[in-house]
$ cat start28.txt   # compact mmCIF, C-alpha atoms and all ligand atoms
# COMPACT_ATOMS: atom_id res chain seq x y z
CA MET A 1 97.73 193.81 -79.59
CA ILE A 2 95.86 197.12 -79.77
CA ARG A 3 93.76 197.23 -82.92
CA THR A 4 91.99 200.20 -84.36
CA PHE A 5 89.14 199.54 -86.74
CA ARG A 6 90.06 199.59 -90.43
CA PRO A 7 87.32 199.18 -93.03
CA ARG A 8 87.86 195.96 -94.95
CA ARG A 9 84.52 195.74 -96.73
CA SER A 10 86.04 195.23 -100.16
CA ALA A 11 89.38 193.47 -100.75
CA LEU A 12 90.22 193.45 -104.46
CA TYR A 13 92.83 191.08 -105.89
CA VAL A 14 94.99 192.76 -108.51
CA PRO A 15 97.36 190.43 -110.38
CA ALA A 16 100.78 192.10 -110.21
CA SER A 17 101.49 190.74 -113.69
CA ASN A 18 98.56 192.63 -115.24
CA ASN A 19 99.77 196.11 -116.15
CA ARG A 20 96.31 197.41 -117.04
CA ALA A 21 94.85 196.22 -113.76
CA LEU A 22 97.80 197.67 -111.82
CA ALA A 23 97.37 201.00 -113.58
CA LYS A 24 93.74 201.05 -112.48
CA ALA A 25 94.33 199.99 -108.87
CA ALA A 26 95.23 203.38 -107.43
CA SER A 27 92.00 204.97 -108.65
CA LEU A 28 89.65 202.31 -107.28
CA ASP A 29 87.51 202.73 -104.18
CA ALA A 30 88.24 199.33 -102.60
CA ASP A 31 89.05 199.40 -98.88
CA VAL A 32 91.85 196.92 -99.49
CA ILE A 33 93.95 196.16 -102.57
CA ILE A 34 95.59 192.73 -102.55
CA PHE A 35 98.47 192.75 -105.05
CA ASP A 36 98.80 189.15 -106.08
CA LEU A 37 102.07 187.36 -106.80
CA GLU A 38 100.55 183.91 -106.24
CA ASP A 39 97.79 182.15 -108.19
CA ALA A 40 96.91 184.98 -110.58
CA VAL A 41 100.50 185.15 -111.82
CA ALA A 42 101.78 182.48 -114.24
CA PRO A 43 105.10 180.81 -113.32
CA ASP A 44 107.03 182.33 -116.24
CA VAL A 45 106.18 185.92 -115.28
CA LYS A 46 106.77 185.78 -111.52
CA GLU A 47 109.94 187.91 -111.73
CA ASP A 48 108.26 190.46 -114.01
CA ALA A 49 105.36 190.68 -111.55
CA ARG A 50 107.73 191.39 -108.63
CA GLU A 51 109.42 194.11 -110.67
CA ALA A 52 106.07 195.65 -111.63
CA LEU A 53 105.07 195.64 -107.97
CA ARG A 54 108.30 197.40 -106.92
CA GLU A 55 107.73 200.04 -109.58
CA TYR A 56 104.11 200.45 -108.53
CA PHE A 57 105.00 201.12 -104.89
CA VAL A 58 107.72 203.59 -105.88
CA ALA A 59 105.26 205.43 -108.12
CA HIS A 60 102.49 205.35 -105.47
CA PRO A 61 104.08 205.93 -102.06
CA GLN A 62 100.72 206.85 -100.49
CA SER A 63 97.37 205.11 -100.65
CA LYS A 64 93.86 205.61 -99.34
CA ALA A 65 93.31 201.86 -99.51
CA GLU A 66 95.04 199.40 -97.22
CA ARG A 67 97.69 197.65 -99.35
CA VAL A 68 98.42 193.96 -99.01
CA VAL A 69 100.81 191.82 -101.05
CA ARG A 70 99.99 188.13 -101.50
CA VAL A 71 103.17 186.10 -101.87
CA ASN A 72 103.71 182.49 -102.86
CA GLY A 73 104.17 180.06 -99.97
CA LEU A 74 107.64 180.14 -98.43
CA ALA A 75 108.21 176.48 -99.30
CA SER A 76 107.64 177.15 -103.01
CA GLU A 77 110.39 178.09 -105.45
CA TRP A 78 109.13 181.70 -105.55
CA GLY A 79 108.31 182.18 -101.86
CA ALA A 80 111.57 183.67 -100.55
CA GLU A 81 112.02 186.15 -103.41
CA ASP A 82 108.37 187.16 -103.18
CA LEU A 83 108.71 187.78 -99.47
CA PHE A 84 111.80 189.99 -99.88
CA ALA A 85 110.13 191.89 -102.73
CA ALA A 86 106.96 192.36 -100.67
CA ARG A 87 108.92 193.47 -97.61
CA ALA A 88 110.81 196.04 -99.68
CA CYS A 89 107.50 197.55 -100.83
CA ARG A 90 106.51 198.23 -97.19
CA PRO A 91 102.85 197.38 -97.66
CA ASP A 92 100.37 197.45 -94.78
CA ALA A 93 100.40 193.67 -94.75
CA ILE A 94 101.72 190.55 -96.44
CA LEU A 95 99.16 187.84 -97.18
CA LEU A 96 100.41 184.28 -96.81
CA PRO A 97 98.60 181.62 -98.85
CA LYS A 98 97.58 178.16 -97.66
CA VAL A 99 98.50 178.73 -94.02
CA GLU A 100 98.20 175.46 -92.13
CA THR A 101 100.07 175.89 -88.84
CA PRO A 102 101.02 178.70 -86.44
CA GLN A 103 104.65 178.16 -87.52
CA ASP A 104 103.73 179.25 -91.05
CA ILE A 105 103.09 182.67 -89.51
CA THR A 106 105.77 182.85 -86.84
CA GLY A 107 108.47 181.78 -89.34
CA VAL A 108 107.65 184.73 -91.58
CA ALA A 109 107.26 187.10 -88.61
CA GLU A 110 110.85 186.21 -87.62
CA ILE A 111 112.10 187.04 -91.11
CA LEU A 112 110.31 190.40 -90.96
CA GLU A 113 111.96 191.11 -87.60
CA GLU A 114 115.38 191.00 -89.33
CA THR A 115 114.99 194.54 -90.64
CA ASP A 116 113.52 197.80 -89.39
CA ALA A 117 112.09 198.26 -92.89
CA SER A 118 109.27 195.88 -92.00
CA GLU A 119 108.21 197.76 -88.89
CA GLY A 120 104.43 197.92 -88.79
CA VAL A 121 103.98 195.39 -91.60
CA ARG A 122 101.24 192.97 -90.55
CA LEU A 123 100.61 189.41 -91.64
CA TRP A 124 97.37 188.16 -93.09
CA ALA A 125 96.66 184.45 -93.47
CA MET A 126 94.71 182.63 -96.15
CA ILE A 127 92.74 179.75 -94.70
CA GLU A 128 92.03 177.56 -97.70
CA THR A 129 93.09 173.99 -97.05
CA PRO A 130 91.55 171.20 -94.94
CA ARG A 131 94.54 171.32 -92.52
CA GLY A 132 94.32 175.11 -92.30
CA ILE A 133 90.64 174.89 -91.39
CA LEU A 134 91.29 172.21 -88.78
CA ASN A 135 94.09 174.30 -87.23
CA ALA A 136 92.34 177.67 -87.57
CA ASP A 137 91.89 178.00 -83.79
CA GLU A 138 95.61 177.54 -83.02
CA ILE A 139 96.58 179.86 -85.87
CA ALA A 140 94.08 182.55 -84.81
CA GLU A 141 95.42 182.51 -81.24
CA LEU A 142 98.49 184.28 -82.65
CA GLY A 143 96.22 187.29 -83.09
CA LEU A 144 96.53 187.77 -79.33
CA ARG A 145 100.35 188.05 -79.55
CA SER A 146 101.68 191.25 -81.10
CA THR A 147 105.01 189.66 -82.07
CA ALA A 148 103.19 187.37 -84.51
CA ARG A 149 101.88 190.41 -86.46
CA LEU A 150 98.76 188.44 -87.42
CA ASP A 151 95.84 190.73 -88.20
CA CYS A 152 93.36 189.11 -90.56
CA PHE A 153 92.16 185.82 -92.05
CA VAL A 154 91.12 185.62 -95.71
CA ILE A 155 89.06 182.65 -96.83
CA GLY A 156 90.05 180.87 -100.04
CA THR A 157 86.85 179.18 -101.14
CA ASN A 158 88.25 178.12 -104.52
CA ASP A 159 91.12 176.21 -102.96
CA ILE A 160 88.85 174.71 -100.28
CA SER A 161 86.54 173.40 -103.03
CA LYS A 162 89.53 172.11 -104.97
CA GLU A 163 91.02 170.28 -101.97
CA THR A 164 87.77 168.81 -100.67
CA GLY A 165 85.68 168.24 -103.78
CA THR A 166 82.88 170.25 -102.15
CA LYS A 167 80.41 171.74 -104.65
CA GLY A 168 78.64 175.01 -103.91
CA ARG A 169 78.71 177.47 -101.02
CA GLY A 170 75.98 175.67 -99.05
CA ALA A 171 78.22 172.71 -98.38
CA LEU A 172 81.09 174.99 -97.30
CA MET A 173 79.02 176.74 -94.63
CA PRO A 174 80.10 174.72 -91.56
CA TRP A 175 83.78 175.31 -92.37
CA LEU A 176 83.27 178.99 -93.11
CA MET A 177 81.52 179.49 -89.77
CA GLN A 178 84.20 177.49 -87.96
CA VAL A 179 87.00 179.62 -89.39
CA LEU A 180 85.02 182.79 -88.66
CA LEU A 181 84.55 181.77 -85.03
CA CYS A 182 88.27 181.01 -84.65
CA ALA A 183 89.16 184.39 -86.15
CA LYS A 184 86.89 186.22 -83.74
CA ALA A 185 88.33 184.30 -80.77
CA GLY A 186 91.77 185.56 -81.85
CA LYS A 187 90.39 189.12 -82.26
CA LEU A 188 91.12 188.95 -85.99
CA ASP A 189 89.15 190.33 -88.89
CA VAL A 190 87.99 187.74 -91.40
CA ILE A 191 87.25 188.32 -95.07
CA ASP A 192 84.96 186.04 -97.05
CA GLY A 193 86.07 184.31 -100.28
CA VAL A 194 85.59 185.42 -103.90
CA TYR A 195 82.51 185.23 -106.12
CA ASN A 196 83.91 183.94 -109.41
CA ASP A 197 81.04 184.92 -111.73
CA PHE A 198 81.88 188.63 -111.83
CA SER A 199 79.27 189.24 -114.55
CA ASP A 200 76.46 188.20 -112.14
CA LEU A 201 76.15 191.24 -109.90
CA ASP A 202 72.80 190.17 -108.40
CA GLY A 203 74.25 186.85 -107.29
CA PHE A 204 77.27 188.70 -105.92
CA ALA A 205 75.05 191.12 -103.98
CA ALA A 206 73.12 188.21 -102.44
CA GLU A 207 76.36 186.56 -101.35
CA CYS A 208 77.54 189.84 -99.79
CA ILE A 209 74.34 190.12 -97.74
CA GLU A 210 74.80 186.54 -96.61
CA ALA A 211 78.42 187.26 -95.66
CA VAL A 212 77.34 190.26 -93.57
CA ARG A 213 74.82 188.11 -91.69
CA MET A 214 77.44 185.42 -91.11
CA GLY A 215 79.68 188.00 -89.43
CA PHE A 216 82.38 188.50 -92.05
CA ASP A 217 84.18 191.86 -92.08
CA GLY A 218 84.35 192.05 -95.84
CA LYS A 219 84.42 190.22 -99.14
CA SER A 220 87.31 189.24 -101.43
CA LEU A 221 86.81 190.62 -104.93
CA ILE A 222 88.23 189.81 -108.35
CA HIS A 223 86.82 192.63 -110.49
CA PRO A 224 86.34 196.41 -110.00
CA SER A 225 82.63 196.04 -110.83
CA GLN A 226 82.17 194.28 -107.45
CA ILE A 227 83.57 197.10 -105.29
CA GLU A 228 80.52 199.32 -104.98
CA THR A 229 78.21 196.45 -104.00
CA ALA A 230 80.61 195.14 -101.36
CA ASN A 231 81.15 198.60 -99.88
CA ALA A 232 77.41 199.24 -99.67
CA SER A 233 76.59 195.78 -98.28
CA PHE A 234 79.10 195.96 -95.42
CA LEU A 235 78.10 199.51 -94.51
CA PRO A 236 75.69 199.50 -91.54
CA ASP A 237 72.18 200.03 -92.96
CA ALA A 238 70.03 203.07 -92.12
CA ALA A 239 67.74 201.14 -89.74
CA SER A 240 70.70 199.77 -87.73
CA VAL A 241 72.25 203.24 -87.53
CA ALA A 242 68.98 204.78 -86.32
CA GLN A 243 68.58 202.00 -83.75
CA ALA A 244 72.17 202.47 -82.55
CA ARG A 245 71.60 206.21 -82.09
CA MET A 246 68.42 205.51 -80.09
CA ILE A 247 70.27 203.06 -77.83
CA VAL A 248 73.05 205.56 -77.15
CA GLU A 249 70.42 208.21 -76.46
CA ALA A 250 68.50 205.86 -74.15
CA PHE A 251 71.58 205.21 -72.01
CA SER A 252 72.60 208.85 -71.95
CA ASN A 253 69.34 209.73 -70.24
CA ARG A 254 70.28 211.04 -66.77
CA GLU A 255 68.15 208.54 -64.85
CA LYS A 256 69.55 205.63 -66.83
CA ILE A 257 73.26 206.43 -66.54
CA GLY A 258 74.75 203.65 -64.46
CA LYS A 259 71.89 201.27 -65.16
CA GLY A 260 72.78 197.90 -66.65
CA VAL A 261 69.55 197.47 -68.51
CA THR A 262 66.71 199.60 -69.83
CA SER A 263 63.89 199.41 -72.33
CA LEU A 264 63.50 200.93 -75.77
CA ASN A 265 60.27 200.72 -77.76
CA GLY A 266 59.13 197.77 -75.69
CA LYS A 267 62.39 195.83 -76.03
CA MET A 268 65.11 195.14 -73.48
CA VAL A 269 68.45 196.79 -74.15
CA GLU A 270 71.51 196.01 -72.07
CA ARG A 271 74.94 197.60 -71.80
CA LEU A 272 76.24 195.07 -74.32
CA HIS A 273 73.79 196.58 -76.82
CA LEU A 274 75.16 200.00 -75.92
CA GLU A 275 78.69 198.74 -76.62
CA MET A 276 77.55 197.32 -79.97
CA ALA A 277 75.78 200.57 -80.85
CA GLU A 278 78.82 202.67 -80.00
CA LYS A 279 81.07 200.39 -82.03
CA LEU A 280 78.75 200.56 -85.03
CA LEU A 281 78.64 204.37 -84.90
CA GLU A 282 82.41 204.55 -84.54
CA LYS A 283 82.83 202.30 -87.60
CA LEU A 284 80.42 204.44 -89.57
CA ASP A 285 82.35 207.54 -88.61
CA ILE A 286 85.68 206.01 -89.70
CA ILE A 287 84.23 204.80 -93.02
CA GLY A 288 82.70 208.26 -93.56
CA LYS A 289 86.14 209.88 -93.15
CA LYS A 290 87.74 207.52 -95.68
C1 LIG A 301 88.75 188.01 -114.18
C2 LIG A 301 89.61 188.94 -115.00
C3 LIG A 301 90.69 188.15 -115.72
C4 LIG A 301 88.76 189.67 -116.05
O1 LIG A 301 89.60 190.61 -116.69
P1 LIG A 301 89.14 191.43 -117.97
O2 LIG A 301 88.62 190.46 -119.00
O3 LIG A 301 90.26 192.33 -118.37
O4 LIG A 301 87.93 192.27 -117.43
P2 LIG A 301 87.29 193.55 -118.00
O5 LIG A 301 87.59 193.71 -119.46
O6 LIG A 301 85.87 193.56 -117.59
O7 LIG A 301 88.05 194.73 -117.21
C5 LIG A 301 87.61 196.05 -117.27
C6 LIG A 301 88.66 196.95 -116.75
O8 LIG A 301 88.93 196.65 -115.37
C7 LIG A 301 90.29 196.27 -115.21
N1 LIG A 301 90.33 195.16 -114.26
C8 LIG A 301 89.79 193.95 -114.37
N2 LIG A 301 90.03 193.23 -113.26
C9 LIG A 301 90.75 194.01 -112.44
C10 LIG A 301 91.29 193.83 -111.16
N3 LIG A 301 91.18 192.67 -110.50
N4 LIG A 301 91.94 194.86 -110.60
C11 LIG A 301 92.08 196.04 -111.24
N5 LIG A 301 91.59 196.29 -112.49
C12 LIG A 301 90.94 195.27 -113.06
C13 LIG A 301 90.75 195.83 -116.58
O9 LIG A 301 92.13 195.93 -116.70
C14 LIG A 301 90.00 196.81 -117.46
O10 LIG A 301 90.62 198.07 -117.32
P3 LIG A 301 90.93 198.98 -118.59
O11 LIG A 301 92.04 198.29 -119.28
O12 LIG A 301 91.33 200.30 -118.04
O13 LIG A 301 89.65 199.01 -119.39
C15 LIG A 301 90.25 190.02 -114.11
O14 LIG A 301 89.22 190.74 -113.53
C16 LIG A 301 91.21 189.50 -113.07
O15 LIG A 301 92.33 189.15 -113.39
N6 LIG A 301 90.79 189.48 -111.81
C17 LIG A 301 91.63 189.09 -110.70
C18 LIG A 301 91.89 187.61 -110.71
C19 LIG A 301 92.75 187.20 -109.56
O16 LIG A 301 93.48 188.00 -109.02
N7 LIG A 301 92.69 185.94 -109.18
C20 LIG A 301 93.45 185.42 -108.08
C21 LIG A 301 92.86 185.82 -106.81
S1 LIG A 301 91.40 184.96 -106.40
C22 LIG A 301 91.97 183.69 -105.42
O17 LIG A 301 93.04 183.23 -105.64
C23 LIG A 301 91.11 183.31 -104.27
C24 LIG A 301 91.63 182.29 -103.28
O18 LIG A 301 92.99 182.10 -103.24
C25 LIG A 301 90.86 181.01 -103.36
O19 LIG A 301 91.47 179.95 -103.31
O20 LIG A 301 89.63 181.09 -103.42
MG MG A 302 93.66 180.16 -103.13
$ encode --input "start28.txt" --output "structure tokens" --more "lines below"
Ligand SMILES: CC(C)(COP(=O)(O)OP(=O)(O)OC[C@H]1O[C@@H](n2cnc3c(N)ncnc32)[C@H](O)[C@@H]1OP(=O)(O)O)[C@@H](O)C(=O)NCCC(=O)NCCSC(=O)C[C@H](O)C(=O)O
Ligand SMILES: [Mg+2]
Amino acid sequence: MIRTFRPRRSALYVPASNNRALAKAASLDADVIIFDLEDAVAPDVKEDAREALREYFVAHPQSKAERVVRVNGLASEWGAEDLFAARACRPDAILLPKVETPQDITGVAEILEETDASEGVRLWAMIETPRGILNADEIAELGLRSTARLDCFVIGTNDISKETGTKGRGALMPWLMQVLLCAKAGKLDVIDGVYNDFSDLDGFAAECIEAVRMGFDGKSLIHPSQIETANASFLPDAASVAQARMIVEAFSNREKIGKGVTSLNGKMVERLHLEMAEKLLEKLDIIGKK
């Protein structure tokens, strides 16, 4: 599947049952808005939330942010109606919770194939259960098949902690890195979990920096106050941009064109560094045009 880079630095959950939050969503600077029909919506207001979502998409046919609808699992009592409501909204993607097998994705992809209305709608998968983590490699392989529509993994750290009894992010690290590696092998983006204490912006900023170093493409958010920090953290920093420009410059030097390796300020740089530098500058350019 041919993928063009889309910034996914900040992915904000907006409960579809919360009218005030919905009203705010269109004005926020998040790269991704995840309209939630699942855990943030109480059972007795599921239908109201679907209706509010339909109305929202009619009122806002265009969006600067990528728009994703999180549905309840297909096996749940709300799953099928959520999926049809989400499909009718024609979002950029539908986010499936608690994905545990490749069939959880292919089954929904087949339903989307039933109508032209879902052309271009991608699938995102939440990896947030022990079985989902164990099967992440098989699931991520679908990223290499365009018919599966799979485009991105989102980590659900709250559910992982709930299912495993694990306390604190430190203990989750091996699983987070495992899922991240699987995602990359399937050429998928992968978005880190939420930081629940939205009043602690310093702690949130530290977790964003950590997520960048781990290789995540962005962070899941629960509150608008977290957007700016996530966007800044996942933006390539000034030193990396300067270094990338120097690498591109070094390889564009006439004598070095065609060379596999050269030196820059006493350090070896190879063509793979050139590729990384070009990718970083391309990302920066796309984010700048947002
Ligand atoms: C956590 C909250 C319930 C806090 O809400 P509230 O008390 O209303 O916060 P504030 O008063 O500070 O809000 C200020 C204004 O910002 C708007 N707001 C707040 N949150 C959002 C939001 N997420 N999107 C858009 N707008 C938002 C308020 O409406 C106020 O606006 P105004 O009225 O104009 O002043 C709340 O933040 C919230 O509900 N957050 C999302 C929670 C959620 O979606 N949870 C489920 C997803 S997380 C998850 O499931 C992860 C995963 O599955 C896992 O397992 O880990
Ligand atoms: Mg969850």
$ residues_near_ligand --input "start28.txt" --ligand "ligand LIG 301 (chain A)" --cutoff "7 Å" --atoms "all atoms listed in the file" --output "ChimeraX atom specification"
/A:12-15,20-22,24-25,36,39-40,128,155-160,193-194,222-224
$ write_last_selection --input "start28.txt" --atoms "C-alpha atoms" --output "compact mmCIF listing (two decimals), in the coordinates of the input"
# COMPACT_ATOMS: atom_id res chain seq x y z
CA LEU A 12 90.22 193.45 -104.46
CA TYR A 13 92.83 191.08 -105.89
CA VAL A 14 94.99 192.76 -108.51
CA PRO A 15 97.36 190.43 -110.38
CA ARG A 20 96.31 197.41 -117.04
CA ALA A 21 94.85 196.22 -113.76
CA LEU A 22 97.80 197.67 -111.82
CA LYS A 24 93.74 201.05 -112.48
CA ALA A 25 94.33 199.99 -108.87
CA ASP A 36 98.80 189.15 -106.08
CA ASP A 39 97.79 182.15 -108.19
CA ALA A 40 96.91 184.98 -110.58
CA GLU A 128 92.03 177.56 -97.70
CA ILE A 155 89.06 182.65 -96.83
CA GLY A 156 90.05 180.87 -100.04
CA THR A 157 86.85 179.18 -101.14
CA ASN A 158 88.25 178.12 -104.52
CA ASP A 159 91.12 176.21 -102.96
CA ILE A 160 88.85 174.71 -100.28
CA GLY A 193 86.07 184.31 -100.28
CA VAL A 194 85.59 185.42 -103.90
CA ILE A 222 88.23 189.81 -108.35
CA HIS A 223 86.82 192.63 -110.49
CA PRO A 224 86.34 196.41 -110.00
$ residues_around --input "start28.txt" --residues "A:Glu141" --least-positions-apart "4" --cutoff "9 Å" --atoms "all atoms listed in the file" --output "list in words"
Pro102, Ala136, Asp137, Arg145, Cys182, Ala183, Ala185, Gly186 and Lys187 of chain A
$ residues_around --input "start28.txt" --residues "A:Leu53" --least-positions-apart "6" --cutoff "9 Å" --atoms "all atoms listed in the file" --output "list in words"
Ala16, Ser17, Leu22, Phe35, Leu37, Val69, Ala85, Ala86 and Cys89 of chain A
$ write_last_selection --input "start28.txt" --atoms "C-alpha atoms" --output "mmCIF file, in the coordinates of the input"
data_model
loop_
_atom_site.group_PDB
_atom_site.id
_atom_site.type_symbol
_atom_site.label_atom_id
_atom_site.label_comp_id
_atom_site.auth_asym_id
_atom_site.auth_seq_id
_atom_site.Cartn_x
_atom_site.Cartn_y
_atom_site.Cartn_z
ATOM 1 C CA ALA A 16 100.780 192.100 -110.210
ATOM 2 C CA SER A 17 101.490 190.740 -113.690
ATOM 3 C CA LEU A 22 97.800 197.670 -111.820
ATOM 4 C CA PHE A 35 98.470 192.750 -105.050
ATOM 5 C CA LEU A 37 102.070 187.360 -106.800
ATOM 6 C CA VAL A 69 100.810 191.820 -101.050
ATOM 7 C CA ALA A 85 110.130 191.890 -102.730
ATOM 8 C CA ALA A 86 106.960 192.360 -100.670
ATOM 9 C CA CYS A 89 107.500 197.550 -100.830
#
$ atom_distance --input "start28.txt" --atom1 "atom CA of A:Leu280" --atom2 "atom CA of A:Gly266"
21.9 Å
$ atom_distance --input "start28.txt" --atom1 "atom CA of A:Val71" --atom2 "atom CA of A:Ser220"
16.2 Å
$ closest_residue --input "start28.txt" --among "A:Asp29, A:Asp189, A:Asp82, A:Glu163" --to "ligand MG 302 (chain A)" --atoms "all atoms listed in the file"
A:Glu163
$ closest_residue --input "start28.txt" --among "A:Arg271, A:Pro174, A:Arg9, A:Ala117" --to "A:Val212" --atoms "only C-alpha atoms"
A:Arg9
$ closest_residue --input "start28.txt" --among "A:Leu264, A:Val99, A:Met173, A:Leu188" --to "ligand MG 302 (chain A)" --atoms "all atoms listed in the file"
A:Val99
$ closest_residue --input "start28.txt" --among "A:Asp116, A:Asp44, A:Thr129, A:Val32" --to "ligand MG 302 (chain A)" --atoms "only C-alpha atoms and all ligand atoms"
A:Thr129
$ closest_residue --input "start28.txt" --among "A:Glu77, A:Asp202, A:Glu207, A:Asp237" --to "A:Ser225" --atoms "all atoms listed in the file"
A:Asp202
$ closest_residue --input "start28.txt" --among "A:Leu272, A:Ala238, A:Leu176, A:Ala244" --to "A:Gly215" --atoms "all atoms listed in the file"
A:Leu176
$ atom_distance --input "start28.txt" --atom1 "atom CA of A:His60" --atom2 "atom CA of A:Leu28"
13.3 Å
